[in-house]
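Undergrad: My structure is in query33.txt, and what it holds is compact mmCIF, C-alpha atoms and all ligand atoms:
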# COMPACT_ATOMS: atom_id res chain seq x y z
CA MET A 820 121.93 136.37 136.43
CA ALA A 821 118.69 137.30 134.70
CA ARG A 822 117.65 134.91 131.92
CA ARG A 823 117.65 136.54 128.51
CA LYS A 824 114.22 136.59 126.87
CA LYS A 825 113.91 134.28 123.85
CA LYS A 826 113.73 135.99 120.48
CA ARG A 827 110.15 135.86 119.29
CA GLY A 828 109.62 133.28 116.56
CA LYS A 829 108.57 134.02 113.00
CA LEU A 830 105.35 133.16 111.24
CA LEU A 831 105.31 131.03 108.07
CA VAL A 832 102.01 130.77 106.23
CA VAL A 833 101.86 127.85 103.79
CA SER A 834 99.09 127.25 101.29
CA GLY A 835 98.93 125.19 98.15
CA PHE A 836 96.69 123.47 95.67
CA SER A 837 94.96 120.38 96.98
CA GLY A 838 97.11 117.34 96.23
CA VAL A 839 100.34 119.28 95.76
CA GLY A 840 102.13 117.54 98.64
CA LYS A 841 102.01 120.45 101.08
CA GLY A 842 101.59 118.20 104.13
CA THR A 843 104.66 116.14 103.27
CA VAL A 844 106.78 119.26 102.76
CA ILE A 845 105.69 120.69 106.14
CA LYS A 846 106.35 117.40 107.98
CA GLN A 847 109.81 117.15 106.41
CA LEU A 848 110.62 120.79 107.21
CA MET A 849 109.81 120.17 110.87
CA ALA A 850 111.69 116.85 110.94
CA GLU A 851 114.86 118.51 109.66
CA HIS A 852 114.67 121.76 111.61
CA PRO A 853 113.54 121.69 115.25
CA GLU A 854 112.96 125.46 115.31
CA TYR A 855 109.69 124.99 113.38
CA ALA A 856 106.41 124.17 115.11
CA PHE A 857 103.03 123.42 113.58
CA SER A 858 100.00 125.55 114.39
CA VAL A 859 97.30 123.00 115.16
CA SER A 860 94.03 124.46 113.89
CA ALA A 861 90.56 123.84 115.24
CA THR A 862 88.04 122.35 112.83
CA THR A 863 84.48 121.13 112.81
CA ARG A 864 85.22 118.43 110.25
CA ALA A 865 85.44 114.80 111.35
CA PRO A 866 88.87 113.22 111.77
CA ARG A 867 90.12 111.15 108.86
CA PRO A 868 91.55 107.70 109.59
CA GLY A 869 94.90 108.11 111.32
CA GLU A 870 94.39 111.74 112.33
CA VAL A 871 95.03 112.52 115.98
CA ASP A 872 93.13 115.11 118.02
CA GLY A 873 95.52 117.82 119.25
CA LYS A 874 98.18 116.85 116.71
CA ASP A 875 96.58 117.18 113.27
CA TYR A 876 93.65 119.34 114.41
CA PHE A 877 91.64 120.10 117.49
CA PHE A 878 88.38 118.45 116.44
CA ILE A 879 85.52 120.46 117.92
CA ASP A 880 81.78 120.76 117.31
CA THR A 881 80.06 123.71 115.64
CA GLU A 882 78.79 125.16 118.94
CA THR A 883 82.29 125.23 120.39
CA PHE A 884 83.66 126.73 117.19
CA ASP A 885 81.05 129.50 117.23
CA ARG A 886 81.78 130.19 120.91
CA PHE A 887 85.51 130.50 120.11
CA VAL A 888 84.59 133.01 117.38
CA ASP A 889 82.54 135.04 119.88
CA GLU A 890 85.39 134.93 122.39
CA ASP A 891 87.84 136.18 119.71
CA ARG A 892 90.04 133.12 120.18
CA PHE A 893 90.88 132.80 116.48
CA LEU A 894 93.64 134.75 114.77
CA GLU A 895 91.70 133.94 111.59
CA TYR A 896 89.03 131.48 110.57
CA ALA A 897 87.27 130.43 107.39
CA ARG A 898 84.18 128.42 106.50
CA PHE A 899 84.02 126.32 103.35
CA PHE A 900 82.86 122.84 102.29
CA ASN A 901 80.24 123.15 105.10
CA ARG A 902 83.05 123.11 107.64
CA ALA A 903 84.90 125.65 109.71
CA TYR A 904 88.64 125.94 110.29
CA GLY A 905 90.38 128.37 112.63
CA THR A 906 93.87 129.29 113.83
CA LEU A 907 94.05 129.47 117.61
CA ARG A 908 95.55 132.81 118.60
CA GLU A 909 96.83 131.69 122.03
CA HIS A 910 98.45 128.53 120.63
CA VAL A 911 100.36 130.52 117.98
CA GLU A 912 101.40 133.23 120.46
CA LYS A 913 102.72 130.68 122.94
CA LEU A 914 104.86 128.95 120.31
CA ARG A 915 106.20 132.25 119.00
CA ASP A 916 107.06 133.34 122.53
CA GLU A 917 109.04 130.10 122.88
CA GLY A 918 111.06 131.25 119.87
CA LYS A 919 109.53 128.76 117.42
CA THR A 920 108.91 129.58 113.78
CA VAL A 921 105.23 128.74 113.57
CA ILE A 922 103.88 127.10 110.41
CA LEU A 923 100.28 127.83 109.50
CA ASP A 924 98.89 125.36 106.96
CA ILE A 925 95.84 127.34 105.89
CA GLU A 926 93.92 128.19 102.72
CA VAL A 927 94.11 131.49 100.87
CA GLU A 928 91.32 133.42 102.59
CA GLY A 929 92.81 132.77 106.03
CA ALA A 930 96.33 133.30 104.71
CA MET A 931 95.51 136.77 103.41
CA ASN A 932 93.85 137.67 106.72
CA VAL A 933 96.94 136.58 108.65
CA CYS A 934 99.21 138.57 106.32
CA ARG A 935 97.07 141.65 106.91
CA LEU A 936 97.12 141.19 110.70
CA CYS A 937 100.78 140.15 110.91
CA PRO A 938 102.75 142.06 108.28
CA ASP A 939 105.94 140.23 109.32
CA ALA A 940 104.47 136.85 108.25
CA VAL A 941 106.15 135.12 105.30
CA SER A 942 103.63 133.53 102.95
CA VAL A 943 104.45 130.66 100.61
CA TYR A 944 102.14 129.12 98.01
CA ILE A 945 103.17 125.65 96.81
CA ILE A 946 102.39 124.66 93.24
CA PRO A 947 103.15 121.55 91.17
CA PRO A 948 105.78 121.46 88.41
CA ASP A 949 103.13 120.32 85.98
CA ALA A 950 99.48 121.42 85.84
CA LYS A 951 98.12 118.30 84.12
CA GLU A 952 99.53 115.89 86.69
CA LEU A 953 98.01 117.85 89.59
CA VAL A 954 94.63 118.08 87.89
CA ARG A 955 94.69 114.32 87.40
CA ARG A 956 95.36 113.94 91.12
CA ILE A 957 92.55 116.30 92.18
CA VAL A 958 90.04 114.68 89.86
CA GLY A 959 91.14 111.15 90.63
CA ARG A 960 90.95 111.06 94.43
CA GLY A 961 89.41 107.69 95.12
CA THR A 962 88.06 108.55 98.55
CA GLU A 963 85.71 111.39 97.59
CA THR A 964 82.26 111.80 96.05
CA ALA A 965 81.84 113.61 92.72
CA GLU A 966 80.40 116.62 94.57
CA GLN A 967 83.38 116.80 96.95
CA ILE A 968 85.77 116.68 94.01
CA GLN A 969 83.90 119.45 92.21
CA LYS A 970 83.97 121.64 95.30
CA ARG A 971 87.71 121.07 95.58
CA MET A 972 88.15 122.02 91.92
CA LEU A 973 86.03 125.16 92.31
CA LYS A 974 88.04 126.24 95.32
CA ALA A 975 91.31 125.66 93.45
CA VAL A 976 90.04 127.78 90.54
CA GLN A 977 89.22 130.62 92.94
CA GLU A 978 92.50 130.23 94.85
CA ALA A 979 94.56 130.54 91.67
CA ASP A 980 93.60 134.23 91.37
CA ILE A 981 95.10 134.98 94.78
CA VAL A 982 98.40 133.12 94.44
CA GLU A 983 100.20 136.23 93.16
CA ARG A 984 99.62 137.92 96.53
CA TYR A 985 101.91 135.45 98.34
CA SER A 986 105.46 136.49 99.22
CA TYR A 987 106.81 133.43 97.40
CA ILE A 988 105.50 130.83 94.97
CA VAL A 989 107.44 127.59 95.31
CA VAL A 990 107.35 124.70 92.86
CA ASN A 991 107.29 121.30 94.58
CA ASP A 992 109.19 119.08 92.18
CA GLN A 993 111.17 117.19 94.83
CA VAL A 994 110.31 117.33 98.53
CA GLU A 995 113.95 117.66 99.68
CA LYS A 996 114.62 120.60 97.38
CA THR A 997 111.35 122.29 98.27
CA VAL A 998 112.11 121.96 101.99
CA ASP A 999 115.61 123.44 101.55
CA GLU A 1000 114.18 126.25 99.45
CA ILE A 1001 111.53 127.24 102.00
CA HIS A 1002 114.02 127.01 104.86
CA SER A 1003 116.52 129.29 103.13
CA LEU A 1004 113.75 131.74 102.27
CA MET A 1005 112.91 131.85 105.98
CA GLN A 1006 116.58 132.45 106.80
CA GLY A 1007 116.53 135.36 104.37
CA SER A 1008 119.38 133.73 102.47
CA GLY A 1009 117.66 132.17 99.50
CA THR A 1010 115.72 132.76 96.35
CA VAL A 1011 113.03 130.70 94.64
CA ARG A 1012 114.30 128.08 92.20
CA VAL A 1013 111.58 128.74 89.63
CA PRO A 1014 111.15 132.39 88.60
CA ARG A 1015 107.89 134.01 89.66
CA GLU A 1016 106.75 134.55 86.05
CA LYS A 1017 107.05 130.84 85.28
CA ALA A 1018 105.34 129.87 88.55
CA LEU A 1019 102.42 132.18 87.77
CA GLN A 1020 102.12 130.58 84.35
CA ILE A 1021 101.87 127.10 85.89
CA THR A 1022 99.22 128.46 88.28
CA LYS A 1023 97.24 129.83 85.33
CA ASP A 1024 97.56 126.48 83.56
CA VAL A 1025 96.13 124.65 86.60
CA GLN A 1026 93.23 127.10 86.64
CA THR A 1027 92.55 126.75 82.91
CA GLU A 1028 92.63 122.94 83.06
CA LEU A 1029 90.23 122.86 86.00
CA LYS A 1030 87.86 125.38 84.40
CA GLU A 1031 87.78 123.23 81.28
CA ILE A 1032 86.75 120.16 83.29
CA LEU A 1033 84.18 122.11 85.31
CA LYS A 1034 82.61 123.51 82.14
CA ASP A 1035 81.66 119.98 81.13
CA ARG A 1036 79.94 119.30 84.44
CA THR A 1037 76.79 121.36 84.41
CA GLU A 1038 75.65 120.16 87.83
CA CYS A 1039 78.43 122.16 89.41
CA ASP A 1040 76.34 125.30 88.84
CA ASN A 1041 74.39 124.36 91.93
CA ILE A 1042 77.38 123.76 94.11
CA SER A 1043 78.77 126.37 96.44
CA ILE A 1044 81.93 126.00 98.51
P1 LIG B 1 91.68 119.46 105.20
O1 LIG B 1 90.25 119.35 105.60
O2 LIG B 1 91.98 118.75 103.91
O3 LIG B 1 92.63 119.09 106.33
O4 LIG B 1 91.99 121.01 104.94
C1 LIG B 1 91.28 121.71 103.98
C2 LIG B 1 91.88 123.07 103.83
O5 LIG B 1 91.73 123.83 105.04
C3 LIG B 1 93.38 123.08 103.54
O6 LIG B 1 93.62 123.96 102.46
C4 LIG B 1 94.00 123.63 104.80
O7 LIG B 1 95.18 124.35 104.53
C5 LIG B 1 92.90 124.55 105.29
N1 LIG B 1 92.98 124.85 106.72
C6 LIG B 1 93.35 124.04 107.73
N2 LIG B 1 93.31 124.68 108.90
C7 LIG B 1 92.92 125.95 108.63
C8 LIG B 1 92.71 127.12 109.44
O8 LIG B 1 92.87 127.14 110.65
N3 LIG B 1 92.28 128.23 108.79
C9 LIG B 1 92.08 128.27 107.45
N4 LIG B 1 91.69 129.43 106.92
N5 LIG B 1 92.27 127.20 106.67
C10 LIG B 1 92.69 126.05 107.25
Would you put the structure from the file into structure tokens?

TA:
Amino acid sequence: MARRKKKRGKLLVVSGFSGVGKGTVIKQLMAEHPEYAFSVSATTRAPRPGEVDGKDYFFIDTETFDRFVDEDRFLEYARFFNRAYGTLREHVEKLRDEGKTVILDIEVEGAMNVCRLCPDAVSVYIIPPDAKELVRRIVGRGTETAEQIQKRMLKAVQEADIVERYSYIVVNDQVEKTVDEIHSLMQGSGTVRVPREKALQITKDVQTELKEILKDRTECDNISI
């Protein structure tokens, strides 16, 4: 008897403000539901302690990255913070062909490109329940230089304008609830717990808070992301 072809998997694009707990939500989603698979991106940035090549990212040098761009191997890619990040087309296709729902953890520029190229993609932007707490977390990261923190803040300010283009804005108040919410959205059987209007207001608040802090730091005028 001929084997029936697997139903092609869906595409879930997840973005979120730095420090919002996006990574934890994605890990938990995959731990609870085996149908999800993570799209491992390629990046030119160095691995952080504990990161594993081929699991967290494919860590490649700039020459290799540029060659991949020339060979059209990226579904999308973006350059910021003097680094490059790209989604590997073949990797995503293979997982989707296996019937997996592929999770892309990418920033807004890449996310919007994927949504344009793959209109069936579901896009989710994760925000915090409280703007002030997130801003404290972004500003207070002990491991980064002042310039790195400012770049992160600038990027978050820019990202905030694009959040309304996502299919869903999800508030991460408790990981378990956020995971259930995203999963039911993917099943087509759920709604967001926080109304869109309210979520957009929180997003605006994050942006306003960050702008306020950046205003006081004149040196950021010279920084580009
Ligand atoms: P990090 O360096 O902290 O791992 O990631 C920085 C940002 O790059 C995060 O917002 C992450 O979602 C985004 N990112 C990771 N991989 C990709 C990718 O392949 N494409 C794009 N556009 N962004 C990515």

Undergrad: At most 12 Å is the cut-off: for each residue in region 922-942 of chain A with any atom that close to an atom of region 954-977 of chain A, write down the nearest atom pair and the distance in Å rounded to one decimal, counting all atoms listed in the file, chain first then increasing number, as CSV.

TA:
residue,atom,partner,partner_atom,distance
A:Glu926,CA,A:Lys974,CA,9.7
A:Val927,CA,A:Gln977,CA,9.4
A:Glu928,CA,A:Gln977,CA,10.3

Undergrad: Rounded to one decimal place, report the CA of Thr1027 (chain A)-atom N2 of ligand LIG 1 (chain B) distance in Å.

TA: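 It comes out at 26.1 Å.
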
Undergrad: Report as a ChimeraX atom specification all protein, DNA and RNA residues lying within 10 Å of Glu995 (chain A), evaluated on only C-alpha atoms, omitting residues in the same chain fewer than 6 positions from it.

TA: /A:844,847-848

Undergrad: Would you save the residues of that selection, restricted to C-alpha atoms, as an mmCIF file, in the frame of the given file?

TA:
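Saved the output as selection06.cif:
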data_model
loop_
_atom_site.group_PDB
_atom_site.id
_atom_site.type_symbol
_atom_site.label_atom_id
_atom_site.label_comp_id
_atom_site.auth_asym_id
_atom_site.auth_seq_id
_atom_site.Cartn_x
_atom_site.Cartn_y
_atom_site.Cartn_z
ATOM 1 C CA VAL A 844 106.780 119.260 102.760
ATOM 2 C CA GLN A 847 109.810 117.150 106.410
ATOM 3 C CA LEU A 848 110.620 120.790 107.210
#

Undergrad: Starting from 6 Å padding per side, set up an axis-aligned box that covers all listed atoms of ligand LIG 1 (chain B) and hand over centre and edge lengths in Å, one decimal, as JSON.

TA:
{"center_x": 92.7, "center_y": 124.1, "center_z": 106.6, "size_x": 16.9, "size_y": 22.7, "size_z": 20.2}

Undergrad: Which residue out of A:Gly838, A:Gly1007, A:Gly929, A:Gly873 has the minimum interatomic distance to ligand LIG 1 (chain B) when only C-alpha atoms and all ligand atoms are used?

TA: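 Nearest to ligand LIG 1 (chain B): A:Gly929.
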
Undergrad: Report the distance between CA of Arg935 (chain A) and CA of Val832 (chain A) in Å, rounded to one decimal place.

TA: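 Between CA of Arg935 (chain A) and CA of Val832 (chain A) the gap is 12.0 Å.
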
Undergrad: Using all atoms listed in the file, can you tell me which of A:Leu1033, A:Ala865, A:Leu1019, A:Leu831 comes closest to ligand LIG 1 (chain B)?

TA: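 Using all atoms listed in the file, the shortest distance to ligand LIG 1 (chain B) belongs to A:Ala865.
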
Undergrad: Select, from A:Ala897, A:Ala1018, A:Val911, A:Val833, the residue with the minimum atom-to-atom distance to ligand LIG 1 (chain B), counting all atoms listed in the file.

TA: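 Closest to ligand LIG 1 (chain B) of all the choices is A:Ala897.
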
Undergrad: Just give me the gap between CA of Tyr896 (chain A) and CA of Ile879 (chain A) in Å, one decimal is fine.

TA: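 Between CA of Tyr896 (chain A) and CA of Ile879 (chain A) the gap is 13.7 Å.
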
Undergrad: Neighbours of ligand LIG 1 (chain B) at 7 Å or closer, counting all atoms listed in the file: which residues, as a PyMOL selection string?

TA: chain A and resi 834-835+837+860-862+864+895-897+904-906+924-930

Undergrad: Which one of A:Lys951, A:Arg827, A:Arg1012, A:Arg902 sits closest to Asp999 (chain A) if you count all atoms listed in the file?

TA: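 Smallest separation from Asp999 (chain A) among the options: A:Arg1012.
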
Undergrad: So which one's closest to Asp980 (chain A), A:Thr881, A:Val1025, A:Ser1008, A:Ser1003? Using only C-alpha atoms, please.

TA: A:Val1025

Undergrad: Name the closest residue to Ala850 (chain A) among the candidates A:Val998, A:Gly828, A:His910, A:Pro866; distances are taken between atoms, counting only C-alpha atoms.

TA: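 Ranked by minimum distance to Ala850 (chain A), first place goes to A:Val998.
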
Undergrad: What's around Gln1026 (chain A) at 7 Å? Count all atoms listed in the file, leave out sequence neighbours fewer than 4 positions away in its own chain, and write the answer as a list in words.

TA: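 The contact residues come out as Val976, Ala979, Thr1022 and Lys1030 of chain A.
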